[in-house]
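Take a look at the structure below.
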Amino acid sequence: MNTPKVSEHIVQWLKNYATKAGVNGFVVGISGGIDSAVTSTLCAQTGLKVLCVELPIHQAESQVNRANEHIKQLKERFKNVSEVEVDLTSVFEDFKTVVPKIETSVKTDLALANTRARLRMTTLYYFAGLHGLLVAGTGNKVEDFGVGFYTKYGDGGVDLSPIADLVKSEVYALASHLKVPSSIQNAQPTDGLFGDSRTDEDQIGASYDELEWAMKMLDLGKTETDFSKRELEVFKIYKRLNRINQHKMIPIPVCEIPADLK
């Protein structure tokens, strides 16, 4: 990948899109992870207004520290960057008190994790509406179009996706080129939605390097009979997640009414 040229291309694409949309710039949720750091830096390079929003909900201190370090660096480098922090922990806890109480299970844990992401999306759009900004998505190609590792109408609820055509290794290459803090480049990827130390790899069962490989193999028309042992395990993980998460990747189905019924 020609990293400098890709960076320039995305920045120009962002600038053109915002200009045509008649908006002032972008709002980006900052998590302390590699994807949001790269996205916000690319947005900052447009010269348009960029609002970095921290949205902690029982967040690990290490994630908060990385987010703060990145925002501080970004504000020092770009005068068009501002920040705001909205601690949504109390909102999240209030939500849990008003919905019917049910027995704790894997399903309730996942539902609450997705609720965190959707509370954050709502907050980002509040600021977007307030300041005339677009919500910039932070998903990469493996997450958005490979395994669907994001929350529908949570971190998947965005106006545009600057890095969604880049696999994770390409995002890391951009991060190095853009001088994203090393603490973020070296951190284990995590969605931070469960209030514990689990990583993306813990949840998925495969690393991003492995998922990139599986994505490429499926695109090449490979089947399970072509692999064995760990490769076969990873290929099956990728295929299963790609299949069950198609509802996130395809347009919302519309029931079209035949003309003779109207």
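Numbering starts fresh at 1 for the residues of each chain in the structure tokens, the chains themselves are lettered A, B, ... in the order given, and ligands are numbered from 1 as they appear.
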Practice item. May I have all residues of stretch 47-246 of chain A that DSSP, computed from the backbone, assigns to alpha helix (DSSP H), given as number ranges by chain? Key: A: 61-77, 89-98, 106-131, 141, 168-177, 182-185, 200-204, 208-219, 229-244, 246
Could the residues of stretch 142-188 of chain A that have an atom at most 10 Å from stretch 45-65 of chain A be listed as a Markdown table, each with its closest atom pair and the distance in Å to one decimal, counting only C-alpha atoms and ordered by chain and ascending residue number?
```
| residue | atom | partner | partner_atom | distance |
| --- | --- | --- | --- | --- |
| A:Leu178 | CA | A:Gln45 | CA | 9.8 |
| A:Ser183 | CA | A:Asn65 | CA | 9.5 |
| A:Ile184 | CA | A:Gln63 | CA | 9.0 |
| A:Ala187 | CA | A:Gln63 | CA | 9.2 |
```
Keeping only all heavy atoms, write the selected residues to a file as a PDB file, in the first residue's frame.
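Saved to selection-v5.pdb:
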```
ATOM      1  N   LEU A 178       0.864   8.486  10.276  1.00  0.00           N
ATOM      2  CA  LEU A 178       0.199   9.662  10.845  1.00  0.00           C
ATOM      3  C   LEU A 178       0.722  10.023  12.231  1.00  0.00           C
ATOM      4  O   LEU A 178       0.249  10.965  12.846  1.00  0.00           O
ATOM      5  CB  LEU A 178      -1.314   9.418  10.918  1.00  0.00           C
ATOM      6  CG  LEU A 178      -2.038   9.236   9.578  1.00  0.00           C
ATOM      7  CD1 LEU A 178      -3.466   8.771   9.805  1.00  0.00           C
ATOM      8  CD2 LEU A 178      -2.015  10.524   8.765  1.00  0.00           C
ATOM      9  N   SER A 183       1.545   4.208  22.263  1.00  0.00           N
ATOM     10  CA  SER A 183       0.744   3.461  23.242  1.00  0.00           C
ATOM     11  C   SER A 183      -0.505   2.881  22.597  1.00  0.00           C
ATOM     12  O   SER A 183      -0.956   1.784  22.951  1.00  0.00           O
ATOM     13  CB  SER A 183       0.349   4.378  24.407  1.00  0.00           C
ATOM     14  OG  SER A 183      -0.464   5.450  23.960  1.00  0.00           O
ATOM     15  N   ILE A 184      -1.066   3.610  21.629  1.00  0.00           N
ATOM     16  CA  ILE A 184      -2.250   3.132  20.910  1.00  0.00           C
ATOM     17  C   ILE A 184      -1.865   2.089  19.870  1.00  0.00           C
ATOM     18  O   ILE A 184      -2.538   1.070  19.713  1.00  0.00           O
ATOM     19  CB  ILE A 184      -2.987   4.316  20.258  1.00  0.00           C
ATOM     20  CG1 ILE A 184      -3.589   5.219  21.339  1.00  0.00           C
ATOM     21  CG2 ILE A 184      -4.073   3.842  19.299  1.00  0.00           C
ATOM     22  CD1 ILE A 184      -4.292   6.450  20.825  1.00  0.00           C
ATOM     23  N   ALA A 187      -1.271  -1.229  21.675  1.00  0.00           N
ATOM     24  CA  ALA A 187      -2.322  -1.779  22.542  1.00  0.00           C
ATOM     25  C   ALA A 187      -3.079  -2.904  21.839  1.00  0.00           C
ATOM     26  O   ALA A 187      -3.258  -2.893  20.626  1.00  0.00           O
ATOM     27  CB  ALA A 187      -3.284  -0.671  22.947  1.00  0.00           C
TER      28      ALA A 187
END
```
For stretch 134-214 of chain A against stretch 225-234 of chain A, with a cut-off of 10 Å and counting only C-alpha atoms, what is the closest atom pair and its distance in Å to one decimal for every residue that makes the cut, ordered by chain and number, as JSON lines?
```
{"residue": "A:Ile204", "atom": "CA", "partner": "A:Val234", "partner_atom": "CA", "distance": 9.8}
{"residue": "A:Gly205", "atom": "CA", "partner": "A:Val234", "partner_atom": "CA", "distance": 7.9}
{"residue": "A:Ala206", "atom": "CA", "partner": "A:Val234", "partner_atom": "CA", "distance": 6.3}
{"residue": "A:Ser207", "atom": "CA", "partner": "A:Val234", "partner_atom": "CA", "distance": 9.0}
{"residue": "A:Glu210", "atom": "CA", "partner": "A:Val234", "partner_atom": "CA", "distance": 6.7}
{"residue": "A:Leu211", "atom": "CA", "partner": "A:Val234", "partner_atom": "CA", "distance": 7.1}
{"residue": "A:Trp213", "atom": "CA", "partner": "A:Val234", "partner_atom": "CA", "distance": 8.9}
{"residue": "A:Ala214", "atom": "CA", "partner": "A:Val234", "partner_atom": "CA", "distance": 6.8}
```
Need to verify the contact set: A:Phe145, 9 Å, only C-alpha atoms, exclusion of same-chain residues closer than 6 positions in sequence. Can you return it as a tab-separated table (two decimals) with C-alpha atoms, in the first residue's frame?
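Okay, this is what ended up in out.tsv:
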```tsv
chain	number	residue	atom	x	y	z
A	164	ALA	CA	-13.78	0.99	5.91
A	165	ASP	CA	-11.91	-0.05	2.75
A	242	ASN	CA	-19.60	-13.41	7.94
A	246	GLN	CA	-24.92	-10.29	6.96
A	248	LYS	CA	-25.37	-5.66	9.39
A	249	MET	CA	-23.67	-5.50	5.98
```
Review point. Within 12 Å of A:Tyr208, counting only C-alpha atoms, which residues qualify if same-chain residues fewer than 2 places away don't, as a ChimeraX atom specification?
Key: /A:140-143,146-147,149,167-172,188-190,199-206,210-215,234,237-238
Emit the selected residues as a CSV table (one decimal), in the first residue's frame, including N, CA, C and O atoms.
```
chain,number,residue,atom,x,y,z
A,140,ASN,N,-13.1,-0.6,10.3
A,140,ASN,CA,-12.2,-1.0,9.2
A,140,ASN,C,-12.9,-2.1,8.4
A,140,ASN,O,-14.0,-2.6,8.8
A,141,LYS,N,-12.3,-2.5,7.3
A,141,LYS,CA,-12.9,-3.5,6.4
A,141,LYS,C,-13.2,-4.8,7.0
A,141,LYS,O,-14.2,-5.4,6.7
A,142,VAL,N,-12.3,-5.3,7.8
A,142,VAL,CA,-12.5,-6.6,8.4
A,142,VAL,C,-13.7,-6.6,9.3
A,142,VAL,O,-14.5,-7.5,9.3
A,143,GLU,N,-13.8,-5.6,10.1
A,143,GLU,CA,-14.9,-5.4,11.1
A,143,GLU,C,-16.2,-5.2,10.3
A,143,GLU,O,-17.2,-5.8,10.6
A,146,GLY,N,-16.3,-7.9,6.9
A,146,GLY,CA,-15.8,-9.3,7.0
A,146,GLY,C,-16.6,-10.1,8.1
A,146,GLY,O,-17.4,-11.0,7.7
A,147,VAL,N,-16.4,-9.7,9.3
A,147,VAL,CA,-17.0,-10.5,10.4
A,147,VAL,C,-18.2,-9.7,11.1
A,147,VAL,O,-18.8,-10.2,12.0
A,149,PHE,N,-18.1,-7.1,13.1
A,149,PHE,CA,-17.8,-7.0,14.6
A,149,PHE,C,-18.0,-5.5,15.0
A,149,PHE,O,-17.1,-4.7,15.2
A,167,VAL,N,-8.0,-2.9,5.5
A,167,VAL,CA,-8.0,-4.0,6.5
A,167,VAL,C,-7.1,-3.5,7.7
A,167,VAL,O,-6.4,-2.5,7.6
A,168,LYS,N,-7.1,-4.2,8.8
A,168,LYS,CA,-6.5,-3.8,10.0
A,168,LYS,C,-5.0,-3.5,9.9
A,168,LYS,O,-4.5,-2.5,10.4
A,169,SER,N,-4.3,-4.3,9.1
A,169,SER,CA,-2.8,-4.1,9.0
A,169,SER,C,-2.6,-2.8,8.2
A,169,SER,O,-1.6,-2.1,8.5
A,170,GLU,N,-3.5,-2.4,7.3
A,170,GLU,CA,-3.3,-1.2,6.6
A,170,GLU,C,-3.6,0.0,7.5
A,170,GLU,O,-3.0,1.1,7.4
A,171,VAL,N,-4.6,-0.2,8.4
A,171,VAL,CA,-4.9,0.9,9.4
A,171,VAL,C,-3.6,1.1,10.3
A,171,VAL,O,-3.3,2.3,10.6
A,172,TYR,N,-3.0,0.0,10.7
A,172,TYR,CA,-1.7,0.2,11.5
A,172,TYR,C,-0.6,0.9,10.7
A,172,TYR,O,0.1,1.7,11.2
A,188,GLN,N,-3.6,-3.9,22.6
A,188,GLN,CA,-4.4,-4.9,22.1
A,188,GLN,C,-5.8,-4.3,21.7
A,188,GLN,O,-6.4,-3.6,22.5
A,189,PRO,N,-6.3,-4.6,20.5
A,189,PRO,CA,-7.6,-4.1,20.1
A,189,PRO,C,-8.7,-4.6,21.0
A,189,PRO,O,-8.7,-5.8,21.3
A,190,THR,N,-9.6,-3.7,21.5
A,190,THR,CA,-10.7,-4.1,22.3
A,190,THR,C,-11.8,-3.1,22.1
A,190,THR,O,-11.6,-1.9,21.8
A,199,THR,N,-10.2,-8.8,25.0
A,199,THR,CA,-9.8,-8.2,23.7
A,199,THR,C,-10.7,-8.6,22.6
A,199,THR,O,-11.6,-9.5,22.8
A,200,ASP,N,-10.6,-8.0,21.5
A,200,ASP,CA,-11.3,-8.4,20.3
A,200,ASP,C,-11.0,-9.8,20.0
A,200,ASP,O,-11.9,-10.6,19.6
A,201,GLU,N,-9.8,-10.2,20.1
A,201,GLU,CA,-9.4,-11.6,19.7
A,201,GLU,C,-10.0,-12.6,20.7
A,201,GLU,O,-10.4,-13.7,20.3
A,202,ASP,N,-10.1,-12.2,22.0
A,202,ASP,CA,-10.8,-13.1,23.0
A,202,ASP,C,-12.3,-13.3,22.5
A,202,ASP,O,-12.8,-14.4,22.7
A,203,GLN,N,-12.9,-12.3,22.1
A,203,GLN,CA,-14.3,-12.4,21.7
A,203,GLN,C,-14.5,-13.2,20.4
A,203,GLN,O,-15.4,-14.0,20.2
A,204,ILE,N,-13.7,-12.9,19.4
A,204,ILE,CA,-13.8,-13.4,18.1
A,204,ILE,C,-13.2,-14.9,18.0
A,204,ILE,O,-13.8,-15.7,17.3
A,205,GLY,N,-12.1,-15.1,18.7
A,205,GLY,CA,-11.5,-16.4,18.6
A,205,GLY,C,-10.3,-16.4,17.6
A,205,GLY,O,-9.8,-17.5,17.3
A,206,ALA,N,-10.0,-15.3,17.0
A,206,ALA,CA,-9.0,-15.2,16.0
A,206,ALA,C,-8.4,-13.8,16.0
A,206,ALA,O,-9.1,-12.8,16.3
A,210,GLU,N,-5.2,-13.1,11.3
A,210,GLU,CA,-5.8,-14.3,10.9
A,210,GLU,C,-7.1,-14.0,10.1
A,210,GLU,O,-7.4,-14.7,9.1
A,211,LEU,N,-7.9,-13.1,10.6
A,211,LEU,CA,-9.1,-12.8,9.9
A,211,LEU,C,-8.9,-12.2,8.5
A,211,LEU,O,-9.6,-12.5,7.5
A,212,GLU,N,-7.8,-11.4,8.4
A,212,GLU,CA,-7.5,-10.8,7.1
A,212,GLU,C,-7.1,-11.9,6.1
A,212,GLU,O,-7.5,-11.9,4.9
A,213,TRP,N,-6.4,-12.9,6.6
A,213,TRP,CA,-6.0,-14.1,5.8
A,213,TRP,C,-7.2,-14.8,5.3
A,213,TRP,O,-7.4,-15.1,4.2
A,214,ALA,N,-8.2,-15.1,6.3
A,214,ALA,CA,-9.4,-15.8,5.9
A,214,ALA,C,-10.2,-15.0,4.9
A,214,ALA,O,-10.8,-15.6,4.0
A,215,MET,N,-10.3,-13.7,5.1
A,215,MET,CA,-11.1,-12.9,4.2
A,215,MET,C,-10.5,-13.0,2.8
A,215,MET,O,-11.3,-13.2,1.8
A,234,VAL,N,-9.7,-21.1,11.9
A,234,VAL,CA,-9.8,-19.6,11.6
A,234,VAL,C,-10.8,-19.4,10.4
A,234,VAL,O,-11.7,-18.5,10.5
A,237,ILE,N,-14.3,-19.8,11.6
A,237,ILE,CA,-14.7,-18.7,12.4
A,237,ILE,C,-15.1,-17.5,11.5
A,237,ILE,O,-16.2,-16.9,11.7
A,238,TYR,N,-14.3,-17.3,10.5
A,238,TYR,CA,-14.6,-16.1,9.6
A,238,TYR,C,-15.9,-16.4,8.9
A,238,TYR,O,-16.7,-15.5,8.8
```
